[in-house]
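**Q** Input file: entry-v8.pdb. Contents: PDB, C-alpha atoms, pLDDT in the B column.
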```pdb
ATOM      1  CA  MET B   1     174.849  52.337 -20.959  1.00 87.00           C
ATOM      2  CA  LYS B   2     171.308  53.599 -20.558  1.00 91.00           C
ATOM      3  CA  ASN B   3     169.646  55.845 -23.099  1.00 94.00           C
ATOM      4  CA  PRO B   4     168.538  59.056 -21.320  1.00 95.00           C
ATOM      5  CA  GLY B   5     165.780  59.645 -23.879  1.00 95.00           C
ATOM      6  CA  THR B   6     164.298  56.218 -23.273  1.00 96.00           C
ATOM      7  CA  ALA B   7     164.397  56.754 -19.511  1.00 96.00           C
ATOM      8  CA  ALA B   8     162.649  60.117 -19.888  1.00 96.00           C
ATOM      9  CA  VAL B   9     159.911  58.770 -22.174  1.00 96.00           C
ATOM     10  CA  LEU B  10     159.258  55.799 -19.899  1.00 96.00           C
ATOM     11  CA  SER B  11     158.898  58.091 -16.893  1.00 95.00           C
ATOM     12  CA  ALA B  12     156.716  60.518 -18.833  1.00 93.00           C
ATOM     13  CA  ILE B  13     154.336  57.664 -19.604  1.00 94.00           C
ATOM     14  CA  ILE B  14     154.405  56.096 -16.117  1.00 94.00           C
ATOM     15  CA  PRO B  15     156.451  57.966 -13.512  1.00 94.00           C
ATOM     16  CA  GLY B  16     158.870  55.482 -11.966  1.00 95.00           C
ATOM     17  CA  LEU B  17     159.250  53.326 -15.063  1.00 96.00           C
ATOM     18  CA  GLY B  18     162.286  55.287 -16.252  1.00 95.00           C
ATOM     19  CA  GLN B  19     163.812  54.930 -12.811  1.00 96.00           C
ATOM     20  CA  ILE B  20     163.395  51.153 -13.025  1.00 97.00           C
ATOM     21  CA  TYR B  21     165.045  51.273 -16.450  1.00 96.00           C
ATOM     22  CA  ASN B  22     167.965  53.116 -14.825  1.00 95.00           C
ATOM     23  CA  GLY B  23     168.139  50.645 -11.931  1.00 93.00           C
ATOM     24  CA  ASP B  24     166.962  53.184  -9.314  1.00 93.00           C
ATOM     25  CA  PHE B  25     164.381  50.978  -7.625  1.00 96.00           C
ATOM     26  CA  LEU B  26     163.844  53.074  -4.488  1.00 96.00           C
ATOM     27  CA  ARG B  27     163.285  56.183  -6.609  1.00 95.00           C
ATOM     28  CA  ALA B  28     160.819  54.210  -8.721  1.00 96.00           C
ATOM     29  CA  ILE B  29     158.821  53.238  -5.638  1.00 96.00           C
ATOM     30  CA  PHE B  30     158.771  56.894  -4.605  1.00 96.00           C
ATOM     31  CA  TRP B  31     157.309  57.964  -7.971  1.00 95.00           C
ATOM     32  CA  PHE B  32     154.836  55.054  -7.999  1.00 95.00           C
ATOM     33  CA  ILE B  33     153.462  56.312  -4.669  1.00 94.00           C
ATOM     34  CA  VAL B  34     153.718  60.088  -5.051  1.00 93.00           C
ATOM     35  CA  THR B  35     152.265  60.452  -8.549  1.00 93.00           C
ATOM     36  CA  PRO B  36     148.869  58.839  -7.906  1.00 92.00           C
ATOM     37  CA  GLY B  37     148.728  60.742  -4.629  1.00 91.00           C
ATOM     38  CA  MET B  38     149.243  64.022  -6.460  1.00 91.00           C
ATOM     39  CA  TRP B  39     146.653  63.184  -9.126  1.00 92.00           C
ATOM     40  CA  ILE B  40     144.058  62.168  -6.559  1.00 93.00           C
ATOM     41  CA  GLY B  41     144.978  64.626  -3.810  1.00 92.00           C
ATOM     42  CA  THR B  42     144.870  67.696  -6.040  1.00 90.00           C
ATOM     43  CA  GLY B  43     142.050  66.600  -8.299  1.00 87.00           C
ATOM     44  CA  GLY B  44     144.427  66.298 -11.245  1.00 82.00           C
ATOM     45  CA  THR B  45     145.789  69.819 -10.954  1.00 84.00           C
ATOM     46  CA  LEU B  46     149.357  68.921  -9.967  1.00 87.00           C
ATOM     47  CA  GLY B  47     149.650  65.321 -11.169  1.00 88.00           C
ATOM     48  CA  TRP B  48     151.196  66.363 -14.469  1.00 90.00           C
ATOM     49  CA  ILE B  49     154.050  68.011 -12.564  1.00 91.00           C
ATOM     50  CA  CYS B  50     155.056  64.578 -11.244  1.00 88.00           C
ATOM     51  CA  HIS B  51     155.222  63.269 -14.802  1.00 89.00           C
ATOM     52  CA  VAL B  52     157.500  66.121 -15.897  1.00 94.00           C
ATOM     53  CA  VAL B  53     159.778  65.947 -12.844  1.00 95.00           C
ATOM     54  CA  ALA B  54     160.018  62.146 -12.993  1.00 95.00           C
ATOM     55  CA  ALA B  55     160.959  62.304 -16.682  1.00 95.00           C
ATOM     56  CA  ALA B  56     163.561  65.019 -16.069  1.00 96.00           C
ATOM     57  CA  THR B  57     165.152  63.156 -13.170  1.00 95.00           C
ATOM     58  CA  ALA B  58     165.198  59.861 -15.078  1.00 96.00           C
ATOM     59  CA  TYR B  59     166.929  61.638 -17.963  1.00 96.00           C
ATOM     60  CA  SER B  60     169.556  63.288 -15.768  1.00 94.00           C
ATOM     61  CA  ARG B  61     170.225  60.137 -13.730  1.00 93.00           C
ATOM     62  CA  ALA B  62     170.770  58.126 -16.929  1.00 94.00           C
ATOM     63  CA  GLN B  63     173.252  60.736 -18.149  1.00 93.00           C
ATOM     64  CA  LYS B  64     175.107  60.741 -14.833  1.00 91.00           C
ATOM     65  CA  ASN B  65     175.167  56.932 -14.709  1.00 90.00           C
ATOM     66  CA  ASN B  66     176.605  56.835 -18.216  1.00 89.00           C
ATOM     67  CA  ARG B  67     179.382  59.243 -17.203  1.00 88.00           C
ATOM     68  CA  GLY B  68     180.116  57.171 -14.113  1.00 83.00           C
ATOM     69  CA  VAL B  69     179.176  59.947 -11.696  1.00 71.00           C
ATOM     70  CA  LEU B  70     176.715  57.732  -9.833  1.00 62.00           C
ATOM     71  CA  VAL B  71     177.176  54.175  -8.672  1.00 55.00           C
TER      72      VAL B  71
END
```
Written as structure tokens, that's how I'd like the structure from this file.
**A**
Amino acid sequence: MKNPGTAAVLSAIIPGLGQIYNGDFLRAIFWFIVTPGMWIGTGGTLGWICHVVAAATAYSRAQKNNRGVLV
């Protein structure tokens, strides 16, 4: 059982870290690549969106994994 709150906080701090906590390694690699690209590519304007979306997806994936919806 993974704690959704922990996954969300980890991904809010470093997008992709919550995905690693959940065991979603390919998703973690995606966030590790996309987030710096958004921060640099938009001059910091849209980088925060990656943090929010990564945290939300880590939270929802942890909930779904706990219910057995995902493998």
**Q** Compile the contact shell of region 66-69 of chain B as a list in words: residues with an atom at most 9 Å away, counting all atoms listed in the file, same-chain residues fewer than 5 positions apart removed.
**A**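 The residues satisfying every condition are Met1, Lys2, Asn3, Pro4 and Arg61 of chain B.
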**Q** Quick one: apply the PyMOL selection byres ((chain B and resi 39-55) around 8) to the file and drop the selected residues here as a PDB file with C-alpha atoms, in the frame of the given file.
**A**
```pdb
ATOM      1  CA  ALA B   7     164.397  56.754 -19.511  1.00 96.00           C
ATOM      2  CA  ALA B   8     162.649  60.117 -19.888  1.00 96.00           C
ATOM      3  CA  VAL B   9     159.911  58.770 -22.174  1.00 96.00           C
ATOM      4  CA  LEU B  10     159.258  55.799 -19.899  1.00 96.00           C
ATOM      5  CA  SER B  11     158.898  58.091 -16.893  1.00 95.00           C
ATOM      6  CA  ALA B  12     156.716  60.518 -18.833  1.00 93.00           C
ATOM      7  CA  ILE B  13     154.336  57.664 -19.604  1.00 94.00           C
ATOM      8  CA  ILE B  14     154.405  56.096 -16.117  1.00 94.00           C
ATOM      9  CA  PRO B  15     156.451  57.966 -13.512  1.00 94.00           C
ATOM     10  CA  GLY B  16     158.870  55.482 -11.966  1.00 95.00           C
ATOM     11  CA  GLY B  18     162.286  55.287 -16.252  1.00 95.00           C
ATOM     12  CA  TRP B  31     157.309  57.964  -7.971  1.00 95.00           C
ATOM     13  CA  VAL B  34     153.718  60.088  -5.051  1.00 93.00           C
ATOM     14  CA  THR B  35     152.265  60.452  -8.549  1.00 93.00           C
ATOM     15  CA  PRO B  36     148.869  58.839  -7.906  1.00 92.00           C
ATOM     16  CA  GLY B  37     148.728  60.742  -4.629  1.00 91.00           C
ATOM     17  CA  MET B  38     149.243  64.022  -6.460  1.00 91.00           C
ATOM     18  CA  ALA B  56     163.561  65.019 -16.069  1.00 96.00           C
ATOM     19  CA  THR B  57     165.152  63.156 -13.170  1.00 95.00           C
ATOM     20  CA  ALA B  58     165.198  59.861 -15.078  1.00 96.00           C
ATOM     21  CA  TYR B  59     166.929  61.638 -17.963  1.00 96.00           C
TER      22      TYR B  59
END
```
**Q** Do you know which residues are at most 7 Å from Ala28 (chain B) counting only C-alpha atoms, after dropping those on the same chain fewer than 4 positions away, and could you put them as a PDB file with C-alpha atoms, keeping the file's coordinate frame?
**A**
```
ATOM      1  CA  GLY B  16     158.870  55.482 -11.966  1.00 95.00           C
ATOM      2  CA  LEU B  17     159.250  53.326 -15.063  1.00 96.00           C
ATOM      3  CA  GLN B  19     163.812  54.930 -12.811  1.00 96.00           C
ATOM      4  CA  ILE B  20     163.395  51.153 -13.025  1.00 97.00           C
ATOM      5  CA  ASP B  24     166.962  53.184  -9.314  1.00 93.00           C
ATOM      6  CA  PHE B  32     154.836  55.054  -7.999  1.00 95.00           C
TER       7      PHE B  32
END
```
**Q** Complete the atoms of region 30-63 of chain B to N, CA and C atoms and put them out as a tab-separated table (two decimals), in the frame of the given file.
**A**
```tsv
chain	number	residue	atom	x	y	z
B	30	PHE	N	159.18	55.54	-4.98
B	30	PHE	CA	158.77	56.89	-4.61
B	30	PHE	C	157.80	57.47	-5.64
B	31	TRP	N	158.17	57.39	-6.92
B	31	TRP	CA	157.31	57.96	-7.97
B	31	TRP	C	156.02	57.18	-8.12
B	32	PHE	N	156.06	55.86	-7.92
B	32	PHE	CA	154.84	55.05	-8.00
B	32	PHE	C	153.84	55.43	-6.91
B	33	ILE	N	154.34	55.92	-5.78
B	33	ILE	CA	153.46	56.31	-4.67
B	33	ILE	C	153.04	57.77	-4.77
B	34	VAL	N	153.99	58.65	-5.05
B	34	VAL	CA	153.72	60.09	-5.05
B	34	VAL	C	152.80	60.52	-6.20
B	35	THR	N	153.03	59.99	-7.39
B	35	THR	CA	152.26	60.45	-8.55
B	35	THR	C	150.76	60.21	-8.41
B	36	PRO	N	150.32	59.00	-8.09
B	36	PRO	CA	148.87	58.84	-7.91
B	36	PRO	C	148.33	59.71	-6.77
B	37	GLY	N	149.15	59.88	-5.74
B	37	GLY	CA	148.73	60.74	-4.63
B	37	GLY	C	148.51	62.18	-5.07
B	38	MET	N	149.39	62.65	-5.95
B	38	MET	CA	149.24	64.02	-6.46
B	38	MET	C	148.04	64.13	-7.39
B	39	TRP	N	147.82	63.14	-8.23
B	39	TRP	CA	146.65	63.18	-9.13
B	39	TRP	C	145.36	63.17	-8.32
B	40	ILE	N	145.28	62.29	-7.34
B	40	ILE	CA	144.06	62.17	-6.56
B	40	ILE	C	143.92	63.32	-5.56
B	41	GLY	N	145.02	63.62	-4.86
B	41	GLY	CA	144.98	64.63	-3.81
B	41	GLY	C	144.70	66.03	-4.29
B	42	THR	N	145.09	66.35	-5.53
B	42	THR	CA	144.87	67.70	-6.04
B	42	THR	C	143.79	67.74	-7.11
B	43	GLY	N	143.09	66.65	-7.29
B	43	GLY	CA	142.05	66.60	-8.30
B	43	GLY	C	142.60	66.70	-9.72
B	44	GLY	N	143.82	66.28	-9.92
B	44	GLY	CA	144.43	66.30	-11.24
B	44	GLY	C	145.19	67.56	-11.56
B	45	THR	N	145.14	68.54	-10.68
B	45	THR	CA	145.79	69.82	-10.95
B	45	THR	C	147.31	69.70	-11.00
B	46	LEU	N	147.90	68.98	-10.07
B	46	LEU	CA	149.36	68.92	-9.97
B	46	LEU	C	149.96	67.57	-10.38
B	47	GLY	N	149.14	66.64	-10.79
B	47	GLY	CA	149.65	65.32	-11.17
B	47	GLY	C	150.60	65.37	-12.35
B	48	TRP	N	150.33	66.26	-13.29
B	48	TRP	CA	151.20	66.36	-14.47
B	48	TRP	C	152.60	66.81	-14.10
B	49	ILE	N	152.73	67.56	-13.01
B	49	ILE	CA	154.05	68.01	-12.56
B	49	ILE	C	154.91	66.80	-12.20
B	50	CYS	N	154.32	65.79	-11.58
B	50	CYS	CA	155.06	64.58	-11.24
B	50	CYS	C	155.58	63.90	-12.50
B	51	HIS	N	154.78	63.88	-13.55
B	51	HIS	CA	155.22	63.27	-14.80
B	51	HIS	C	156.44	64.00	-15.37
B	52	VAL	N	156.40	65.32	-15.35
B	52	VAL	CA	157.50	66.12	-15.90
B	52	VAL	C	158.76	65.96	-15.05
B	53	VAL	N	158.62	66.05	-13.74
B	53	VAL	CA	159.78	65.95	-12.84
B	53	VAL	C	160.37	64.54	-12.90
B	54	ALA	N	159.52	63.53	-12.91
B	54	ALA	CA	160.02	62.15	-12.99
B	54	ALA	C	160.78	61.92	-14.30
B	55	ALA	N	160.27	62.45	-15.39
B	55	ALA	CA	160.96	62.30	-16.68
B	55	ALA	C	162.30	63.03	-16.67
B	56	ALA	N	162.31	64.24	-16.11
B	56	ALA	CA	163.56	65.02	-16.07
B	56	ALA	C	164.61	64.34	-15.19
B	57	THR	N	164.19	63.81	-14.05
B	57	THR	CA	165.15	63.16	-13.17
B	57	THR	C	165.65	61.84	-13.76
B	58	ALA	N	164.77	61.11	-14.43
B	58	ALA	CA	165.20	59.86	-15.08
B	58	ALA	C	166.22	60.16	-16.16
B	59	TYR	N	166.00	61.23	-16.91
B	59	TYR	CA	166.93	61.64	-17.96
B	59	TYR	C	168.29	62.00	-17.37
B	60	SER	N	168.28	62.84	-16.34
B	60	SER	CA	169.56	63.29	-15.77
B	60	SER	C	170.29	62.15	-15.06
B	61	ARG	N	169.57	61.26	-14.40
B	61	ARG	CA	170.22	60.14	-13.73
B	61	ARG	C	170.86	59.19	-14.75
B	62	ALA	N	170.19	58.98	-15.89
B	62	ALA	CA	170.77	58.13	-16.93
B	62	ALA	C	172.05	58.75	-17.48
B	63	GLN	N	172.04	60.06	-17.68
B	63	GLN	CA	173.25	60.74	-18.15
B	63	GLN	C	174.38	60.60	-17.14
```
